[in-house]
Amino acid sequence: MTIDKNFDPAAIEAKWYPHWEESGQFRPKRPEAPPYTIVNPPPNVTGSLHIGHALDNTLQDIMIRYERLRGKDALWVVGTDHAGIATQMVVERQLEEKQDKRTNYTREEFVEKVWEWKEESGGTITRQLRRLGCSMDWSREQFTMDEHFSRAVLKVFVDLYNQDLIYRDKRLVNWDPKLKTAISDLEVETSDIKGHFWHFKYPLADGAKLDSGEDYIEVATTRPETMLADMAVAVHPSDERYTSVIGKHVVLPITGRRVPVIADEHADPELGSGAVKITPGHDFNDFDVGKRAGIAPGEMLNMLDGEANVCQTADGLVPEEFIGLHRFKRDKVDGARELVVQRLKEGGFLIPHITKNKDGEEVEHDAEPRTIATPFGDRGGVVIEPWLTDQWYVKADVLAQPAIEAVKNGDIEIVPKTWEKTWFNWMENIQPWCVSRQLWWGHRIPAWYGPKLDDEFNDEHDSERVPLVARNEDEVRAIAAKRYSVPPDDIIIVDTEEEYALEGVKTENAGKEILVRDQDVLDTWFSSALWPFGTLGWPEEEPTPNPSRKREGSETYAAEGEVSRSGVGAPSLLQKHYPNDLLISGFDILFFWDARMAMQGIHFMGEVPWRRLYLHGLVRAADGQKMSKSKGNVVDPLGLIDQYGADALRFFMAAMESQGRDIKMDDKRVEGYRNFATKLWNAARFAQSNGIGASDTLAAPEATLPVNRWIIGEVTETLAALDKALEDLRFDAAANAIYHFVWDNFCDWYLELIKPILNQSSPPVGEVASAEASAKADDGGGLDNDTPTPTPPHKGEGLNEVDETRKVAGWVLDQILVMLHPFMPFVTEELWHAMAGGEGRSYDLIVAKWPNPRAEVDAEAKAEIEWVIGFTSAMRSAKNELGIAPGAKLDCWFPAVMGGKVAPLISTLERVARMGAANFGDAPEGASMQLVVEGQTIAVPLEGIIDIDAEKARLAKALEGVSKEVKSLEGRLGNANFVERAKPEAVEKARSDLAEKSAEADRLQAALDRLG
RNA sequence: GGGCGUAUAGCUCAGUGGUAGAGCACUAUGUUGACAUCGUAGGGGUCGCAAGUUCAAUCCUUGCUACGCCCACCA
């Protein structure tokens, strides 16, 4: 197949991806092979690919393709997340656009609509992942609300409940009044906003007075509206200003509620007046203070409804004019906050804030301006309201302990290591995790509420019902039947509170027990935490110690479903692929997802979910800003793929991914990697047009020519660097290693060096008697330009040098394609096939073998080629600086001792360095250019051609550079402390460097002297 | 208030206890049959500041400055 002149990434991408997928090569059947497993962070099912996904998935694909090439049973689990809040919001927004809303539908109807939307848009992101070239196992694509996955979720909830690790509790929760659901601590984002600090007088009741004589206590607040539900005023127990009134009461303005003055350490005497109003139902601190003061959560007054509008408190003391107002000003309409301030001001309860204007006059303000750290919901974007509700909580602190331990003892390796501290810090201070959400889209909590038994009531504030937790209705029916001592048929299950409240339900079922299903769904992260095992067959495949599961160093695995020799069943998918080998995620979901996976994985599987956790940073806009829709600086990865190709984008991501740093977007760099792909394309095209084709060996071919021996050694070194980099998860180092090899070593030098070989006709083996020529050269005798190209002797049975070179070049190109494939899968696969001869390749590159050159680096060849490179560079540089045409063929005089070394290279040097005749011995008298290469001076006579002064200046400059180094080395070696105390190797190196540099300086000096 | 990260060439970033590298940009130059999405050559950095450790510091330690991120209930 002839390689096209033009490299067209789009055409290649469209061709190979479907081929790979349809032929099942993303997970070839390798039952005997050691496993390698990564689970993909499931993207939001209705989302689309953003630049962060591009980074995340590129890195994973590199590792999966690499391990697949290394022969592993590489499994990349893929699927999508139902993303409860996000998805429900999208669908609700769609309804809003049609002047419709969720509550116009039943729960079933609405959820049906979400499913429809999921079906409609759910393919978007998976299509986009394919465009990026990601080689996931699509045949096992999953969704967090798939039936089997939901079973896992239910089991986890029920088990945790039965293990007393999930409980229901009434306490303050972060409530999003826009989405009307509870959210977890992690979903709250605090940001500073400008606000005010108001000071109020709370009059003391019963004529009490402070020692200072005042008949009120001053309190200050940033949230005046909550005073409608104040239940105390707290002062520090040792604050002498207030000790006399502790235990007495104040009468709250507006509501007239009598509340006690209590002593609590929470009150900071240094702050404001030292007295603080306590609203246990609307402030996390106050909640704790209230509890300490003996107020049960059920007694705590609540003055806001789910949308943060004022409602009547239990004691009925909120004036009518407040009912229904929003908590604060919204859409330019004043809310309860503004009205409270107004009424307090009118009543003389507001202590004004005094400032002086520029004329020194005092000015009164209602409040002091102040920056307030305010909690916002990360999805809804509105201020979070601490709200008193019953929610489900997970005892995260218990689950966190083993996860801490796993990192400490190395079961989980976090890369980069700096994140360990963050891991520990968060895990060690972890709070109960609120997992219930007041949404319709998600995993419904498997709890049903039944009446309390008589002995279950603690106090009058307790709810009437208790939860019964089970995986399904049959199970809960059985539990309830036992609990209530009635036949299972007498347990009636209703789905909603509305249904329960319907006329007749209770009367029709008189004598039976009615259970009402919990209305809430689970936090999305509760389910995605199970991804590493829920996607592999759990809970059907329970985790059992499996003797045939092998660790590192194992050679074979029994095939799934087969029976191994020992008679033990072959490992299940779960057994084979759990723990996963690696998890790659952005650090932004470290707590949301990674930490929870670790907790759940260890708890339910008894083993960590993954051996290594790699955390990468954010992809930022070119100016370093975070990308966001509102800023309008979002870069669409699909656009970059269209423009530069998926390979280029992928390579960019890899090359920029150094550990512990964010990536700044840089289109020019993506373009550069597109150019790199083009470069490779053209190199392959050149190779092909010179009779170079696919290699027929995996091991390096036998080679006699230094240039071939050299490039084979370079492959070996590159491979080692690449393997090391990928082992260390240094994607940048890996990308740079292969980039440098392809462009610099292979294209710039190797292909240039073999051109003279390829251009000669292919003489039959044995006809080129080169030994003679070499021997002649060794004598130091002059060789003129007409001497036939000397060729080193051939070993073994016969390849002439053209054939050998073609073979080696074909092999090297094959190795390049394999090594580059994880980074640039498309162009490499295309070239892999394009380079093949008539028969074609017997397998696709995606399942090729990772290089195993079984070749040592040939030091002799390496030295020789490096000398050629040094000579050529010196020649080019000198010509350039002296203004000599680069194409000018200049005769050279080499020292006689170099005859043996130079003679075989003459044709190469003629071509690459544009050398004229090679002569050995002393150069003729007269002006000449002097090249100093590795300590040898080569004279290039240029009488009358060059500007002597220019050459002098050039040499002087070179001498200056070398002298500087010599001076530095001499200084160091002259320092007795250095010689005595430095490591012997360092001293030795300094000595040899000095010898070398001094020699070079001497030669340069000599060359200068010759010019007069 | 804690924790973390980053400061290296004009830009974006690697890197090492022994006087620094890449890509892009820049300058000069090039129609030598792979490639101008290219070749060749070149300029450009007291490695944020200060002190310390060391024979030797861009690298280790401490402090400072600047920027960024995360966590935390300051009314």
# chains A, B, ... in the order shown; residues from 1 in each chain; ligands from 1
call {"tool": "closest_atom_pairs", "arguments": {"of": "chain B", "to": "chain A", "cutoff": "9 Å", "atoms": "only C-alpha atoms (C1' of nucleotides)", "output": "JSON lines"}}
result
{"residue": "B:G3", "atom": "C1'", "partner": "A:Thr422", "partner_atom": "CA", "distance": 7.4}
{"residue": "B:C4", "atom": "C1'", "partner": "A:Thr418", "partner_atom": "CA", "distance": 7.8}
{"residue": "B:G5", "atom": "C1'", "partner": "A:Gly660", "partner_atom": "CA", "distance": 7.7}
{"residue": "B:U6", "atom": "C1'", "partner": "A:Arg661", "partner_atom": "CA", "distance": 8.2}
{"residue": "B:U12", "atom": "C1'", "partner": "A:Asp666", "partner_atom": "CA", "distance": 7.3}
{"residue": "B:C13", "atom": "C1'", "partner": "A:Met656", "partner_atom": "CA", "distance": 7.7}
{"residue": "B:A14", "atom": "C1'", "partner": "A:Ser658", "partner_atom": "CA", "distance": 8.3}
{"residue": "B:G18", "atom": "C1'", "partner": "A:Ala986", "partner_atom": "CA", "distance": 7.4}
{"residue": "B:U19", "atom": "C1'", "partner": "A:Ser968", "partner_atom": "CA", "distance": 8.1}
{"residue": "B:A22", "atom": "C1'", "partner": "A:Asn736", "partner_atom": "CA", "distance": 8.7}
{"residue": "B:G23", "atom": "C1'", "partner": "A:Arg669", "partner_atom": "CA", "distance": 7.0}
{"residue": "B:C24", "atom": "C1'", "partner": "A:Lys668", "partner_atom": "CA", "distance": 6.7}
{"residue": "B:U29", "atom": "C1'", "partner": "A:Asn880", "partner_atom": "CA", "distance": 8.3}
{"residue": "B:G30", "atom": "C1'", "partner": "A:Pro886", "partner_atom": "CA", "distance": 8.3}
{"residue": "B:U32", "atom": "C1'", "partner": "A:Gly887", "partner_atom": "CA", "distance": 7.3}
{"residue": "B:A34", "atom": "C1'", "partner": "A:Phe686", "partner_atom": "CA", "distance": 4.1}
{"residue": "B:C35", "atom": "C1'", "partner": "A:Asn682", "partner_atom": "CA", "distance": 5.3}
{"residue": "B:U37", "atom": "C1'", "partner": "A:Asn675", "partner_atom": "CA", "distance": 4.8}
{"residue": "B:C38", "atom": "C1'", "partner": "A:Lys679", "partner_atom": "CA", "distance": 8.6}
{"residue": "B:U40", "atom": "C1'", "partner": "A:Arg876", "partner_atom": "CA", "distance": 7.3}
{"residue": "B:A41", "atom": "C1'", "partner": "A:Ser877", "partner_atom": "CA", "distance": 5.8}
{"residue": "B:G42", "atom": "C1'", "partner": "A:Glu881", "partner_atom": "CA", "distance": 8.9}
{"residue": "B:C55", "atom": "C1'", "partner": "A:Phe978", "partner_atom": "CA", "distance": 3.9}
{"residue": "B:A56", "atom": "C1'", "partner": "A:Phe978", "partner_atom": "CA", "distance": 7.7}
{"residue": "B:C70", "atom": "C1'", "partner": "A:Thr422", "partner_atom": "CA", "distance": 8.3}
{"residue": "B:C71", "atom": "C1'", "partner": "A:Trp426", "partner_atom": "CA", "distance": 7.7}
{"residue": "B:C73", "atom": "C1'", "partner": "A:Asn285", "partner_atom": "CA", "distance": 5.5}
{"residue": "B:C74", "atom": "C1'", "partner": "A:Leu271", "partner_atom": "CA", "distance": 8.8}
{"residue": "B:A75", "atom": "C1'", "partner": "A:Thr221", "partner_atom": "CA", "distance": 5.6}
call {"tool": "select_by_dssp", "arguments": {"residues": "region 274-417 of chain A", "states": "strand (DSSP E or B)", "output": "MDAnalysis selection string"}}
result
chainID A and resid 275:278 304 309:310 326 330 333 350:351 353:356 362:365 367:377 383 385:394 413:415
call {"tool": "residues_around", "arguments": {"residues": "region 486-489 of chain A", "least_positions_apart": "3", "cutoff": "10 Å", "atoms": "only C-alpha atoms (C1' of nucleotides)", "output": "number ranges by chain"}}
result
A: 474, 476-483, 492, 511-513
call {"tool": "atom_distance", "arguments": {"atom1": "CA of Leu590 (chain A)", "atom2": "CA of Trp441 (chain A)"}}
result
24.1 Å
call {"tool": "atom_distance", "arguments": {"atom1": "CA of His199 (chain A)", "atom2": "CA of Ala367 (chain A)"}}
result
7.1 Å
call {"tool": "closest_residue", "arguments": {"among": "A:Lys849, A:Val289, A:Ile514, A:Thr507", "to": "Gly450 (chain A)", "atoms": "only C-alpha atoms"}}
result
A:Ile514
call {"tool": "atom_distance", "arguments": {"atom1": "CA of Val394 (chain A)", "atom2": "CA of Cys434 (chain A)"}}
result
6.5 Å
call {"tool": "residues_around", "arguments": {"residues": "region 949-961 of chain A", "least_positions_apart": "4", "cutoff": "12 Å", "atoms": "only C-alpha atoms (C1' of nucleotides)", "output": "PyMOL selection string"}}
result
(chain A and resi 874+877-884+927-932+940-943+945+965-968+997-1012) or (chain B and resi 19)
call {"tool": "residues_around", "arguments": {"residues": "Ile445 (chain A)", "least_positions_apart": "2", "cutoff": "6 Å", "atoms": "only C-alpha atoms (C1' of nucleotides)", "output": "VMD selection string"}}
result
chain A and resid 447 520 to 521
call {"tool": "write_last_selection", "arguments": {"atoms": "C-alpha atoms", "output": "mmCIF file, in the first residue's frame"}}
result
data_model
loop_
_atom_site.group_PDB
_atom_site.id
_atom_site.type_symbol
_atom_site.label_atom_id
_atom_site.label_comp_id
_atom_site.auth_asym_id
_atom_site.auth_seq_id
_atom_site.Cartn_x
_atom_site.Cartn_y
_atom_site.Cartn_z
ATOM 1 C CA ALA A 447 -36.277 2.165 53.110
ATOM 2 C CA ASP A 520 -35.481 10.210 48.503
ATOM 3 C CA VAL A 521 -32.733 9.047 46.241
#
call {"tool": "residues_around", "arguments": {"residues": "region 224-230 of chain A", "least_positions_apart": "6", "cutoff": "7 Å", "atoms": "only C-alpha atoms (C1' of nucleotides)", "output": "PDB file with all heavy atoms, in the first residue's frame"}}
result
ATOM      1  N   THR A 255     -40.886  39.137  67.741  1.00  0.00           N
ATOM      2  CA  THR A 255     -41.676  37.967  68.108  1.00  0.00           C
ATOM      3  C   THR A 255     -42.114  38.010  69.562  1.00  0.00           C
ATOM      4  O   THR A 255     -43.081  37.361  69.929  1.00  0.00           O
ATOM      5  CB  THR A 255     -40.856  36.669  67.920  1.00  0.00           C
ATOM      6  OG1 THR A 255     -39.679  36.767  68.725  1.00  0.00           O
ATOM      7  CG2 THR A 255     -40.488  36.459  66.476  1.00  0.00           C
ATOM      8  N   LYS A 277     -26.485  35.820  69.484  1.00  0.00           N
ATOM      9  CA  LYS A 277     -27.830  35.249  69.382  1.00  0.00           C
ATOM     10  C   LYS A 277     -27.728  33.807  68.921  1.00  0.00           C
ATOM     11  O   LYS A 277     -26.852  33.470  68.125  1.00  0.00           O
ATOM     12  CB  LYS A 277     -28.698  36.079  68.425  1.00  0.00           C
ATOM     13  CG  LYS A 277     -28.249  36.029  66.977  1.00  0.00           C
ATOM     14  CD  LYS A 277     -28.954  37.087  66.142  1.00  0.00           C
ATOM     15  CE  LYS A 277     -30.113  36.579  65.312  1.00  0.00           C
ATOM     16  NZ  LYS A 277     -30.015  35.292  64.680  1.00  0.00           N
ATOM     17  N   ILE A 278     -28.587  32.981  69.404  1.00  0.00           N
ATOM     18  CA  ILE A 278     -28.523  31.547  69.100  1.00  0.00           C
ATOM     19  C   ILE A 278     -29.787  31.122  68.365  1.00  0.00           C
ATOM     20  O   ILE A 278     -30.898  31.232  68.886  1.00  0.00           O
ATOM     21  CB  ILE A 278     -28.363  30.717  70.398  1.00  0.00           C
ATOM     22  CG1 ILE A 278     -27.058  31.097  71.118  1.00  0.00           C
ATOM     23  CG2 ILE A 278     -28.378  29.217  70.081  1.00  0.00           C
ATOM     24  CD1 ILE A 278     -25.790  30.820  70.336  1.00  0.00           C
ATOM     25  N   THR A 279     -29.576  30.643  67.133  1.00  0.00           N
ATOM     26  CA  THR A 279     -30.681  30.154  66.306  1.00  0.00           C
ATOM     27  C   THR A 279     -30.388  28.705  65.948  1.00  0.00           C
ATOM     28  O   THR A 279     -29.831  28.421  64.897  1.00  0.00           O
ATOM     29  CB  THR A 279     -30.789  30.980  65.003  1.00  0.00           C
ATOM     30  OG1 THR A 279     -30.544  32.355  65.290  1.00  0.00           O
ATOM     31  CG2 THR A 279     -32.141  30.810  64.357  1.00  0.00           C
ATOM     32  N   HIS A 282     -31.028  27.219  62.393  1.00  0.00           N
ATOM     33  CA  HIS A 282     -30.557  27.814  61.144  1.00  0.00           C
ATOM     34  C   HIS A 282     -29.084  28.172  61.130  1.00  0.00           C
ATOM     35  O   HIS A 282     -28.647  28.970  60.318  1.00  0.00           O
ATOM     36  CB  HIS A 282     -31.401  29.059  60.820  1.00  0.00           C
ATOM     37  CG  HIS A 282     -32.822  28.716  60.524  1.00  0.00           C
ATOM     38  ND1 HIS A 282     -33.219  28.126  59.358  1.00  0.00           N
ATOM     39  CD2 HIS A 282     -33.948  28.815  61.287  1.00  0.00           C
ATOM     40  CE1 HIS A 282     -34.527  27.910  59.388  1.00  0.00           C
ATOM     41  NE2 HIS A 282     -34.995  28.309  60.561  1.00  0.00           N
ATOM     42  N   LEU A 301     -36.600  25.574  66.712  1.00  0.00           N
ATOM     43  CA  LEU A 301     -37.560  26.305  65.884  1.00  0.00           C
ATOM     44  C   LEU A 301     -37.055  26.434  64.456  1.00  0.00           C
ATOM     45  O   LEU A 301     -35.884  26.714  64.209  1.00  0.00           O
ATOM     46  CB  LEU A 301     -37.795  27.694  66.470  1.00  0.00           C
ATOM     47  CG  LEU A 301     -38.472  27.723  67.847  1.00  0.00           C
ATOM     48  CD1 LEU A 301     -38.528  29.162  68.352  1.00  0.00           C
ATOM     49  CD2 LEU A 301     -39.872  27.110  67.760  1.00  0.00           C
ATOM     50  N   ASN A 302     -37.994  26.244  63.543  1.00  0.00           N
ATOM     51  CA  ASN A 302     -37.672  26.404  62.144  1.00  0.00           C
ATOM     52  C   ASN A 302     -38.563  27.486  61.565  1.00  0.00           C
ATOM     53  O   ASN A 302     -39.775  27.475  61.764  1.00  0.00           O
ATOM     54  CB  ASN A 302     -37.905  25.085  61.395  1.00  0.00           C
ATOM     55  CG  ASN A 302     -37.724  25.264  59.915  1.00  0.00           C
ATOM     56  OD1 ASN A 302     -36.793  25.905  59.478  1.00  0.00           O
ATOM     57  ND2 ASN A 302     -38.655  24.722  59.143  1.00  0.00           N
ATOM     58  N   MET A 303     -37.975  28.447  60.884  1.00  0.00           N
ATOM     59  CA  MET A 303     -38.760  29.565  60.355  1.00  0.00           C
ATOM     60  C   MET A 303     -38.689  29.690  58.839  1.00  0.00           C
ATOM     61  O   MET A 303     -39.138  30.661  58.272  1.00  0.00           O
ATOM     62  CB  MET A 303     -38.257  30.876  60.974  1.00  0.00           C
ATOM     63  CG  MET A 303     -36.760  31.041  60.778  1.00  0.00           C
ATOM     64  SD  MET A 303     -36.181  32.756  60.877  1.00  0.00           S
ATOM     65  CE  MET A 303     -36.731  33.405  59.313  1.00  0.00           C
ATOM     66  N   VAL A 318     -44.180  34.249  64.904  1.00  0.00           N
ATOM     67  CA  VAL A 318     -43.733  35.070  63.778  1.00  0.00           C
ATOM     68  C   VAL A 318     -44.910  35.878  63.265  1.00  0.00           C
ATOM     69  O   VAL A 318     -45.951  35.307  62.922  1.00  0.00           O
ATOM     70  CB  VAL A 318     -43.159  34.201  62.644  1.00  0.00           C
ATOM     71  CG1 VAL A 318     -42.755  35.064  61.452  1.00  0.00           C
ATOM     72  CG2 VAL A 318     -41.963  33.393  63.154  1.00  0.00           C
ATOM     73  N   ARG A 327     -36.043  34.740  52.395  1.00  0.00           N
ATOM     74  CA  ARG A 327     -35.146  35.004  53.534  1.00  0.00           C
ATOM     75  C   ARG A 327     -34.443  36.358  53.411  1.00  0.00           C
ATOM     76  O   ARG A 327     -34.216  37.034  54.384  1.00  0.00           O
ATOM     77  CB  ARG A 327     -34.108  33.890  53.670  1.00  0.00           C
ATOM     78  CG  ARG A 327     -33.352  33.643  52.371  1.00  0.00           C
ATOM     79  CD  ARG A 327     -32.467  32.415  52.442  1.00  0.00           C
ATOM     80  NE  ARG A 327     -32.077  32.047  51.081  1.00  0.00           N
ATOM     81  CZ  ARG A 327     -31.138  31.176  50.773  1.00  0.00           C
ATOM     82  NH1 ARG A 327     -30.486  30.551  51.728  1.00  0.00           N
ATOM     83  NH2 ARG A 327     -30.853  30.896  49.525  1.00  0.00           N
ATOM     84  N   ALA A 336     -37.249  38.947  54.279  1.00  0.00           N
ATOM     85  CA  ALA A 336     -37.370  38.976  55.729  1.00  0.00           C
ATOM     86  C   ALA A 336     -36.217  39.737  56.371  1.00  0.00           C
ATOM     87  O   ALA A 336     -36.401  40.454  57.348  1.00  0.00           O
ATOM     88  CB  ALA A 336     -37.421  37.544  56.264  1.00  0.00           C
ATOM     89  N   ARG A 337     -35.030  39.585  55.797  1.00  0.00           N
ATOM     90  CA  ARG A 337     -33.873  40.266  56.376  1.00  0.00           C
ATOM     91  C   ARG A 337     -34.113  41.776  56.423  1.00  0.00           C
ATOM     92  O   ARG A 337     -33.924  42.411  57.463  1.00  0.00           O
ATOM     93  CB  ARG A 337     -32.622  39.965  55.552  1.00  0.00           C
ATOM     94  CG  ARG A 337     -31.385  40.727  56.013  1.00  0.00           C
ATOM     95  CD  ARG A 337     -30.143  40.289  55.290  1.00  0.00           C
ATOM     96  NE  ARG A 337     -29.909  38.859  55.476  1.00  0.00           N
ATOM     97  CZ  ARG A 337     -28.945  38.165  54.855  1.00  0.00           C
ATOM     98  NH1 ARG A 337     -28.144  38.777  53.989  1.00  0.00           N
ATOM     99  NH2 ARG A 337     -28.793  36.879  55.081  1.00  0.00           N
ATOM    100  N   VAL A 340     -36.915  42.699  58.905  1.00  0.00           N
ATOM    101  CA  VAL A 340     -36.493  42.591  60.300  1.00  0.00           C
ATOM    102  C   VAL A 340     -35.694  43.825  60.696  1.00  0.00           C
ATOM    103  O   VAL A 340     -35.930  44.442  61.746  1.00  0.00           O
ATOM    104  CB  VAL A 340     -35.660  41.302  60.530  1.00  0.00           C
ATOM    105  CG1 VAL A 340     -34.882  41.387  61.843  1.00  0.00           C
ATOM    106  CG2 VAL A 340     -36.565  40.075  60.539  1.00  0.00           C
ATOM    107  N   VAL A 341     -34.758  44.202  59.826  1.00  0.00           N
ATOM    108  CA  VAL A 341     -33.931  45.361  60.131  1.00  0.00           C
ATOM    109  C   VAL A 341     -34.806  46.607  60.265  1.00  0.00           C
ATOM    110  O   VAL A 341     -34.659  47.406  61.200  1.00  0.00           O
ATOM    111  CB  VAL A 341     -32.849  45.554  59.046  1.00  0.00           C
ATOM    112  CG1 VAL A 341     -32.126  46.890  59.236  1.00  0.00           C
ATOM    113  CG2 VAL A 341     -31.855  44.399  59.090  1.00  0.00           C
TER     114      VAL A 341
END
call {"tool": "residues_around", "arguments": {"residues": "Lys417 (chain A)", "least_positions_apart": "5", "cutoff": "12 Å", "atoms": "only C-alpha atoms (C1' of nucleotides)", "output": "list in words"}}
result
Val407, Lys408, Gly410, Ile412, Thr422, Trp423, Phe424, Arg612, Leu613, Tyr614, Leu615, His616, Gln659, Gly660 and Asp728 of chain A; C4 of chain B
call {"tool": "closest_residue", "arguments": {"among": "A:Glu368, A:Glu21, A:Tyr500, A:Phe731", "to": "Lys194 (chain A)", "atoms": "only C-alpha atoms"}}
result
A:Glu368
call {"tool": "closest_residue", "arguments": {"among": "A:Glu307, A:Glu67, A:Asp696, A:Asp993", "to": "Gln815 (chain A)", "atoms": "only C-alpha atoms"}}
result
A:Asp696
